[in-house]
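Have a look at work_26.cif below; it lists mmCIF, C-alpha atoms.
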data_coords
#
loop_
_atom_site.label_atom_id
_atom_site.label_comp_id
_atom_site.auth_asym_id
_atom_site.auth_seq_id
_atom_site.Cartn_x
_atom_site.Cartn_y
_atom_site.Cartn_z
CA MET A 1 -14.92 20.40 -18.57
CA ALA A 2 -13.63 17.96 -21.17
CA ILE A 3 -11.60 16.22 -18.49
CA LEU A 4 -14.83 14.90 -16.96
CA SER A 5 -16.32 11.63 -18.16
CA LYS A 6 -19.36 11.37 -20.40
CA SER A 7 -21.69 10.40 -17.56
CA ASN A 8 -21.74 9.46 -13.89
CA ASN A 9 -21.36 5.79 -14.79
CA SER A 10 -19.04 5.80 -17.80
CA PHE A 11 -15.80 3.87 -17.40
CA ARG A 12 -12.60 3.09 -19.28
CA GLY A 13 -13.04 0.28 -21.79
CA GLN A 14 -16.79 0.68 -22.04
CA LEU A 15 -18.17 -0.67 -25.31
CA PRO A 16 -20.13 1.72 -27.57
CA ASP A 17 -23.50 0.00 -27.12
CA GLU A 18 -22.92 -1.01 -23.51
CA LYS A 19 -25.19 0.40 -20.81
CA THR A 20 -24.15 0.56 -17.17
CA VAL A 21 -26.71 -1.02 -14.84
CA LEU A 22 -24.84 -0.67 -11.54
CA VAL A 23 -21.60 0.85 -10.29
CA THR A 24 -20.75 -0.04 -6.73
CA ARG A 25 -17.74 0.27 -4.47
CA LYS A 26 -16.77 -1.68 -1.38
CA HIS A 27 -18.71 -0.92 1.79
CA TRP A 28 -17.71 2.32 3.56
CA ILE A 29 -16.57 0.31 6.60
CA VAL A 30 -13.51 -0.68 4.52
CA LEU A 31 -12.53 3.00 4.27
CA LEU A 32 -13.59 3.91 7.81
CA ILE A 33 -10.77 2.05 9.59
CA PRO A 34 -7.78 3.76 7.85
CA MET A 35 -9.58 7.13 7.76
CA SER A 36 -10.35 7.14 11.48
CA PHE A 37 -6.69 6.32 12.17
CA ILE A 38 -5.64 9.24 9.94
CA LEU A 39 -8.13 11.53 11.69
CA ILE A 40 -6.68 10.61 15.10
CA MET A 41 -3.16 11.23 13.73
CA ALA A 42 -4.27 14.66 12.46
CA VAL A 43 -5.12 15.78 16.00
CA ALA A 44 -1.64 14.87 17.32
CA PRO A 45 0.08 18.24 16.52
CA TYR A 46 -2.57 20.17 18.53
CA ILE A 47 -2.02 17.90 21.55
CA VAL A 48 1.77 18.26 21.26
CA TYR A 49 1.48 22.07 20.94
CA HIS A 50 -0.91 22.70 23.83
CA TYR A 51 0.29 20.09 26.32
CA PHE A 52 3.99 19.51 25.59
CA LEU A 53 5.36 22.57 23.81
CA GLN A 54 3.58 25.76 24.89
CA PRO A 55 3.91 25.31 28.69
CA ASN A 56 7.74 25.15 28.49
CA SER A 57 9.92 28.15 29.39
CA TRP A 58 12.21 27.66 26.36
CA PHE A 59 9.28 28.02 23.95
CA ASN A 60 9.74 31.16 21.79
CA ASP A 61 8.60 32.57 18.42
CA ASN A 62 11.31 30.82 16.44
CA ILE A 63 10.45 27.41 17.91
CA ASN A 64 6.81 28.23 17.20
CA PHE A 65 7.69 28.81 13.52
CA LEU A 66 9.69 25.58 13.40
CA PHE A 67 6.75 23.71 14.90
CA ARG A 68 4.40 25.28 12.32
CA PHE A 69 6.74 24.16 9.53
CA LEU A 70 6.94 20.58 10.85
CA THR A 71 3.15 20.54 11.32
CA THR A 72 2.47 21.62 7.73
CA VAL A 73 4.89 18.93 6.46
CA TYR A 74 3.10 16.42 8.68
CA PHE A 75 -0.30 17.54 7.34
CA LEU A 76 0.99 17.26 3.79
CA VAL A 77 1.94 13.62 4.48
CA ILE A 78 -1.43 12.98 6.14
CA TRP A 79 -3.30 14.66 3.25
CA ASN A 80 -1.49 12.40 0.74
CA THR A 81 -2.05 9.27 2.85
CA ALA A 82 -5.77 10.04 3.25
CA PHE A 83 -6.28 10.55 -0.47
CA TYR A 84 -4.22 7.45 -1.27
CA ASN A 85 -6.74 5.47 0.80
CA VAL A 86 -9.67 7.26 -0.86
CA MET A 87 -8.08 6.46 -4.25
CA ILE A 88 -7.78 2.76 -3.44
CA TYR A 89 -11.37 2.71 -2.16
CA SER A 90 -12.71 4.69 -5.11
CA LEU A 91 -10.97 2.63 -7.79
CA ASN A 92 -12.00 -0.77 -6.42
CA THR A 93 -15.26 -0.93 -8.31
CA LEU A 94 -17.77 -3.47 -9.45
CA VAL A 95 -19.53 -2.47 -12.66
CA ILE A 96 -22.51 -4.41 -13.95
CA THR A 97 -23.54 -3.60 -17.49
CA ASN A 98 -26.09 -5.12 -19.85
CA LYS A 99 -23.29 -7.31 -21.28
CA ARG A 100 -20.82 -8.16 -18.53
CA VAL A 101 -19.66 -7.82 -14.94
CA VAL A 102 -16.37 -5.93 -14.57
CA GLU A 103 -14.40 -5.85 -11.34
CA ASN A 104 -11.55 -3.35 -11.04
CA LYS A 105 -9.04 -4.14 -8.32
CA GLN A 106 -6.57 -1.38 -7.47
CA MET A 107 -3.77 -2.82 -5.33
CA GLY A 108 -1.59 0.32 -5.25
CA PHE A 109 0.05 2.73 -7.69
CA PHE A 110 0.10 1.21 -11.17
CA LYS A 111 -1.09 -2.16 -9.83
CA ASN A 112 -4.45 -2.82 -11.38
CA ILE A 113 -6.35 -6.07 -11.97
CA VAL A 114 -9.50 -6.20 -14.10
CA ASN A 115 -11.75 -9.26 -13.88
CA GLU A 116 -14.50 -9.60 -16.41
CA ILE A 117 -17.36 -12.06 -16.76
CA LYS A 118 -19.70 -12.03 -19.71
CA LEU A 119 -23.29 -12.33 -18.52
CA ASP A 120 -24.01 -15.23 -20.88
CA LYS A 121 -21.26 -17.22 -19.11
CA VAL A 122 -22.68 -16.75 -15.62
CA GLN A 123 -23.94 -20.02 -14.18
CA ASP A 124 -24.62 -19.31 -10.53
CA VAL A 125 -24.57 -16.35 -8.13
CA SER A 126 -24.38 -16.74 -4.37
CA VAL A 127 -24.15 -14.34 -1.42
CA LYS A 128 -22.19 -14.80 1.80
CA ILE A 129 -22.76 -12.51 4.79
CA TYR A 130 -20.57 -13.36 7.77
CA GLY A 131 -20.85 -11.90 11.25
CA PRO A 132 -23.18 -9.56 13.13
CA LEU A 133 -21.53 -6.37 11.83
CA ALA A 134 -21.89 -7.49 8.20
CA SER A 135 -25.52 -8.45 8.85
CA PHE A 136 -26.25 -5.17 10.61
CA LEU A 137 -24.55 -2.96 8.01
CA ASN A 138 -25.69 -5.14 5.13
CA TYR A 139 -22.44 -5.98 3.37
CA GLY A 140 -20.92 -9.26 2.28
CA ASN A 141 -19.31 -11.31 -0.45
CA VAL A 142 -20.83 -12.15 -3.79
CA GLU A 143 -19.62 -15.31 -5.49
CA VAL A 144 -20.18 -15.74 -9.21
CA GLN A 145 -19.70 -19.11 -10.87
CA SER A 146 -18.74 -18.82 -14.51
CA ALA A 147 -18.44 -21.19 -17.46
CA GLY A 148 -15.30 -19.33 -18.62
CA ALA A 149 -11.61 -20.11 -18.05
CA VAL A 150 -11.77 -18.91 -14.45
CA ASN A 151 -14.53 -20.77 -12.64
CA LYS A 152 -15.25 -18.55 -9.65
CA PHE A 153 -15.19 -14.85 -8.98
CA PHE A 154 -15.32 -13.36 -5.49
CA PHE A 155 -16.45 -9.80 -4.91
CA LYS A 156 -15.57 -9.12 -1.30
CA GLN A 157 -17.16 -6.66 1.17
CA PHE A 158 -19.66 -5.03 -1.15
CA PRO A 159 -22.79 -3.29 0.17
CA ASN A 160 -26.25 -4.75 -0.53
CA PRO A 161 -24.94 -8.12 -1.78
CA LYS A 162 -28.46 -9.48 -2.23
CA ASP A 163 -29.32 -6.61 -4.57
CA ILE A 164 -26.12 -7.24 -6.55
CA LYS A 165 -27.07 -10.91 -6.82
CA LYS A 166 -30.56 -9.98 -8.00
CA ILE A 167 -29.25 -7.56 -10.62
CA ILE A 168 -26.79 -10.15 -11.99
CA SER A 169 -29.43 -12.92 -11.95
CA ASP A 170 -32.01 -10.70 -13.68
CA SER A 171 -29.49 -9.61 -16.33
CA VAL A 172 -28.51 -13.18 -17.27
CA MET B 1 9.72 31.94 -1.74
CA ILE B 2 12.87 29.81 -1.97
CA ASN B 3 15.10 30.79 -4.89
CA VAL B 4 16.39 27.41 -6.06
CA LEU B 5 19.08 29.01 -8.25
CA ASP B 6 20.70 30.65 -5.23
CA LEU B 7 20.95 27.39 -3.30
CA ASN B 8 24.40 25.86 -2.95
CA PRO B 9 24.53 22.21 -3.96
CA SER B 10 24.78 21.17 -0.33
CA ILE B 11 23.38 17.99 1.19
CA SER B 12 20.42 19.90 2.65
CA SER B 13 19.42 21.41 -0.72
CA ILE B 14 19.76 18.05 -2.48
CA LEU B 15 17.68 16.45 0.29
CA PHE B 16 15.09 19.22 -0.09
CA LEU B 17 14.85 18.62 -3.86
CA VAL B 18 14.61 14.82 -3.38
CA ILE B 19 11.76 15.23 -0.84
CA VAL B 20 9.91 17.69 -3.12
CA GLY B 21 10.46 15.32 -6.06
CA ILE B 22 8.98 12.37 -4.13
CA LEU B 23 6.04 14.54 -3.03
CA ILE B 24 5.34 15.71 -6.60
CA TRP B 25 5.57 12.12 -7.91
CA TYR B 26 3.20 10.88 -5.18
CA THR B 27 0.71 13.71 -5.83
CA PHE B 28 0.88 13.19 -9.59
CA SER B 29 0.30 9.42 -9.18
CA ILE B 30 -2.83 9.96 -7.07
CA ILE B 31 -4.29 12.52 -9.51
CA TYR B 32 -3.35 10.36 -12.51
CA HIS B 33 -5.09 7.30 -11.03
CA PHE B 34 -8.24 9.25 -10.16
CA ILE B 35 -8.53 10.73 -13.66
CA ARG B 36 -7.34 7.72 -15.72
CA PHE B 37 -9.01 4.85 -13.88
CA GLY B 38 -11.88 6.50 -11.99
CA VAL B 39 -15.45 5.59 -12.89
CA GLY B 40 -17.69 8.61 -13.51
CA ARG B 41 -17.33 12.29 -12.65
CA LYS B 42 -16.91 11.95 -8.90
CA SER B 43 -13.32 10.64 -9.17
CA LYS B 44 -12.30 13.66 -11.23
CA ILE B 45 -13.84 16.06 -8.71
CA ILE B 46 -12.01 14.27 -5.85
CA ALA B 47 -8.77 14.63 -7.87
CA LEU B 48 -9.40 18.37 -8.20
CA ILE B 49 -10.06 18.75 -4.44
CA PHE B 50 -6.86 16.81 -3.69
CA PHE B 51 -4.85 18.96 -6.13
CA ILE B 52 -6.10 22.27 -4.67
CA GLY B 53 -5.49 21.03 -1.09
CA SER B 54 -1.98 19.90 -2.00
CA ILE B 55 -1.12 23.32 -3.47
CA ILE B 56 -2.47 25.13 -0.39
CA LEU B 57 -0.55 22.85 2.00
CA PHE B 58 2.63 23.09 -0.06
CA ASN B 59 2.47 26.90 -0.01
CA ALA B 60 1.77 26.86 3.73
CA THR B 61 4.86 24.65 4.20
CA LEU B 62 7.07 27.02 2.18
CA ASN B 63 5.75 30.06 4.08
CA ALA B 64 6.37 28.36 7.42
CA TYR B 65 9.90 27.39 6.27
CA ASN B 66 10.71 30.99 5.29
CA LYS B 67 9.65 32.36 8.69
CA ILE B 68 12.16 30.24 10.61
CA ILE B 69 15.37 32.06 11.56
CA TRP B 70 17.71 29.13 11.05
CA SER B 71 20.88 30.85 12.37
CA GLU B 72 19.15 31.57 15.69
CA PHE B 73 17.86 28.04 15.86
CA ILE B 74 21.26 26.47 15.07
CA GLN B 75 22.88 28.70 17.72
CA TYR B 76 20.24 27.56 20.19
CA ILE B 77 21.06 23.89 19.49
CA LYS B 78 24.79 24.63 19.81
CA ASP B 79 24.21 26.24 23.22
CA ILE B 80 22.28 23.19 24.41
CA LEU B 81 25.04 20.86 23.16
CA LEU B 82 27.69 22.95 24.94
CA LEU B 83 25.73 22.75 28.18
CA VAL B 84 25.54 18.95 27.87
#
Produce structure tokens that represent the structure in this file.
Amino acid sequence: MAILSKSNNSFRGQLPDEKTVLVTRKHWIVLLIPMSFILIMAVAPYIVYHYFLQPNSWFNDNINFLFRFLTTVYFLVIWNTAFYNVMIYSLNTLVITNKRVVENKQMGFFKNIVNEIKLDKVQDVSVKIYGPLASFLNYGNVEVQSAGAVNKFFFKQFPNPKDIKKIISDSV
Amino acid sequence: MINVLDLNPSISSILFLVIVGILIWYTFSIIYHFIRFGVGRKSKIIALIFFIGSIILFNATLNAYNKIIWSEFIQYIKDILLLV
């Protein structure tokens, strides 16, 4: 199992003496919207088969095989689309270590942005929770003010933003 | 299974190879991103699930393709076109 990472929290570019304090991904609501759309799309072939195809007189075995072929191609596309969304969700991470805060932004295939703030440069951390859904599900934006070249960092739609703020504030 | 060597270099076979090529590239990209950029073990396990699912679906697609009697189907379309 050498392909697996050293631990549950190890990441690319981790320094030898660096310990991971928190690894978090965006709130699951971010993934829920595309995934529910994909789930609805996955049901479509069954509806087409039972309500539009099977009742017709011209429906025979060969058309049935053609429909099966088109359905498997369709499912292959859906499978890839679903995992593309999971990939984007999974790779958009916020890692807080004992030395720095690292945000990985995956925008698509081979489009990756890494923002990094050293903890000794952090000046201020604030939390913004907008709307009843965000309040109910406990997700929001964390804003970190830094003394580095880039003044402000926004971590959008992360779960438990107050806990993230506390962890960053305690680590500074 | 489809014997690629027996295929004539027709438009349909070229189209088939292009589609398979795009699919393989897309699948490879997803697995590559999960393994290369993923944090922790979970990403690698998701990549493995995706890979196994892709192989199963791809085989199911090939099996479904082989079961179709294309000559009968083409004749059927021709008959419909003649009626129109």
Pick from A:Val144, A:Leu31, A:Leu119, A:Leu76, whichever lies nearest to B:Ile56 using all atoms listed in the file: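 Looking at the shortest contact to B:Ile56, the residue is A:Leu76.
For stretch 130-137 of chain A, the list of residues within 10 Å, based on all atoms listed in the file and with local chain neighbours fewer than 5 positions off taken out, reads His27, Trp28, Ile29, Gln157, Phe158, Pro159 and Asn160 of chain A.
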Neighbour list for B:Thr27 as a list in words, cut-off 10 Å, all atoms listed in the file, skip fewer than 3 positions in-chain: Trp79, Asn80, Phe83 and Tyr84 of chain A; Gly21, Ile22, Leu23, Ile24, Ile30, Ile31, Tyr32, Ala47, Phe50, Phe51 and Ser54 of chain B
Selected residue of minimal separation from A:Ser169 among A:Val127, A:Ala82, A:Ala44, A:Leu15, counting all atoms listed in the file: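 So, comparing all the options, the nearest one is A:Val127.
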Just say which residues the PyMOL selection byres ((chain B) within 6 of (chain A)) picks in this file, as a tab-separated table (two decimals) with C-alpha atoms, keeping the file's coordinate frame.
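The resulting file, result09.tsv, is reproduced below:
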chain	number	residue	atom	x	y	z
B	38	GLY	CA	-11.88	6.50	-11.99
B	39	VAL	CA	-15.45	5.59	-12.89
B	40	GLY	CA	-17.69	8.61	-13.51
B	41	ARG	CA	-17.33	12.29	-12.65
B	61	THR	CA	4.86	24.65	4.20
B	64	ALA	CA	6.37	28.36	7.42
B	65	TYR	CA	9.90	27.39	6.27
B	68	ILE	CA	12.16	30.24	10.61
Pairwise distance for atom CA of A:Leu53 and atom CA of B:Phe16, rounded to one decimal in Å: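 Here the two named atoms are 26.0 Å from each other.
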Stretch 65-73 of chain B, all listed atoms, 3 Å padding on each side: what axis-aligned box centre and edge lengths in Å to one decimal come out, as lines of an AutoDock Vina configuration file?
center_x = 15.3
center_y = 29.9
center_z = 10.6
size_x = 17.2
size_y = 11.0
size_z = 16.6
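The residue that comes closest to A:Ile167, out of A:Phe52, A:Ile40, A:Asn98, A:Pro16 and on the basis of all atoms listed in the file, is A:Asn98.
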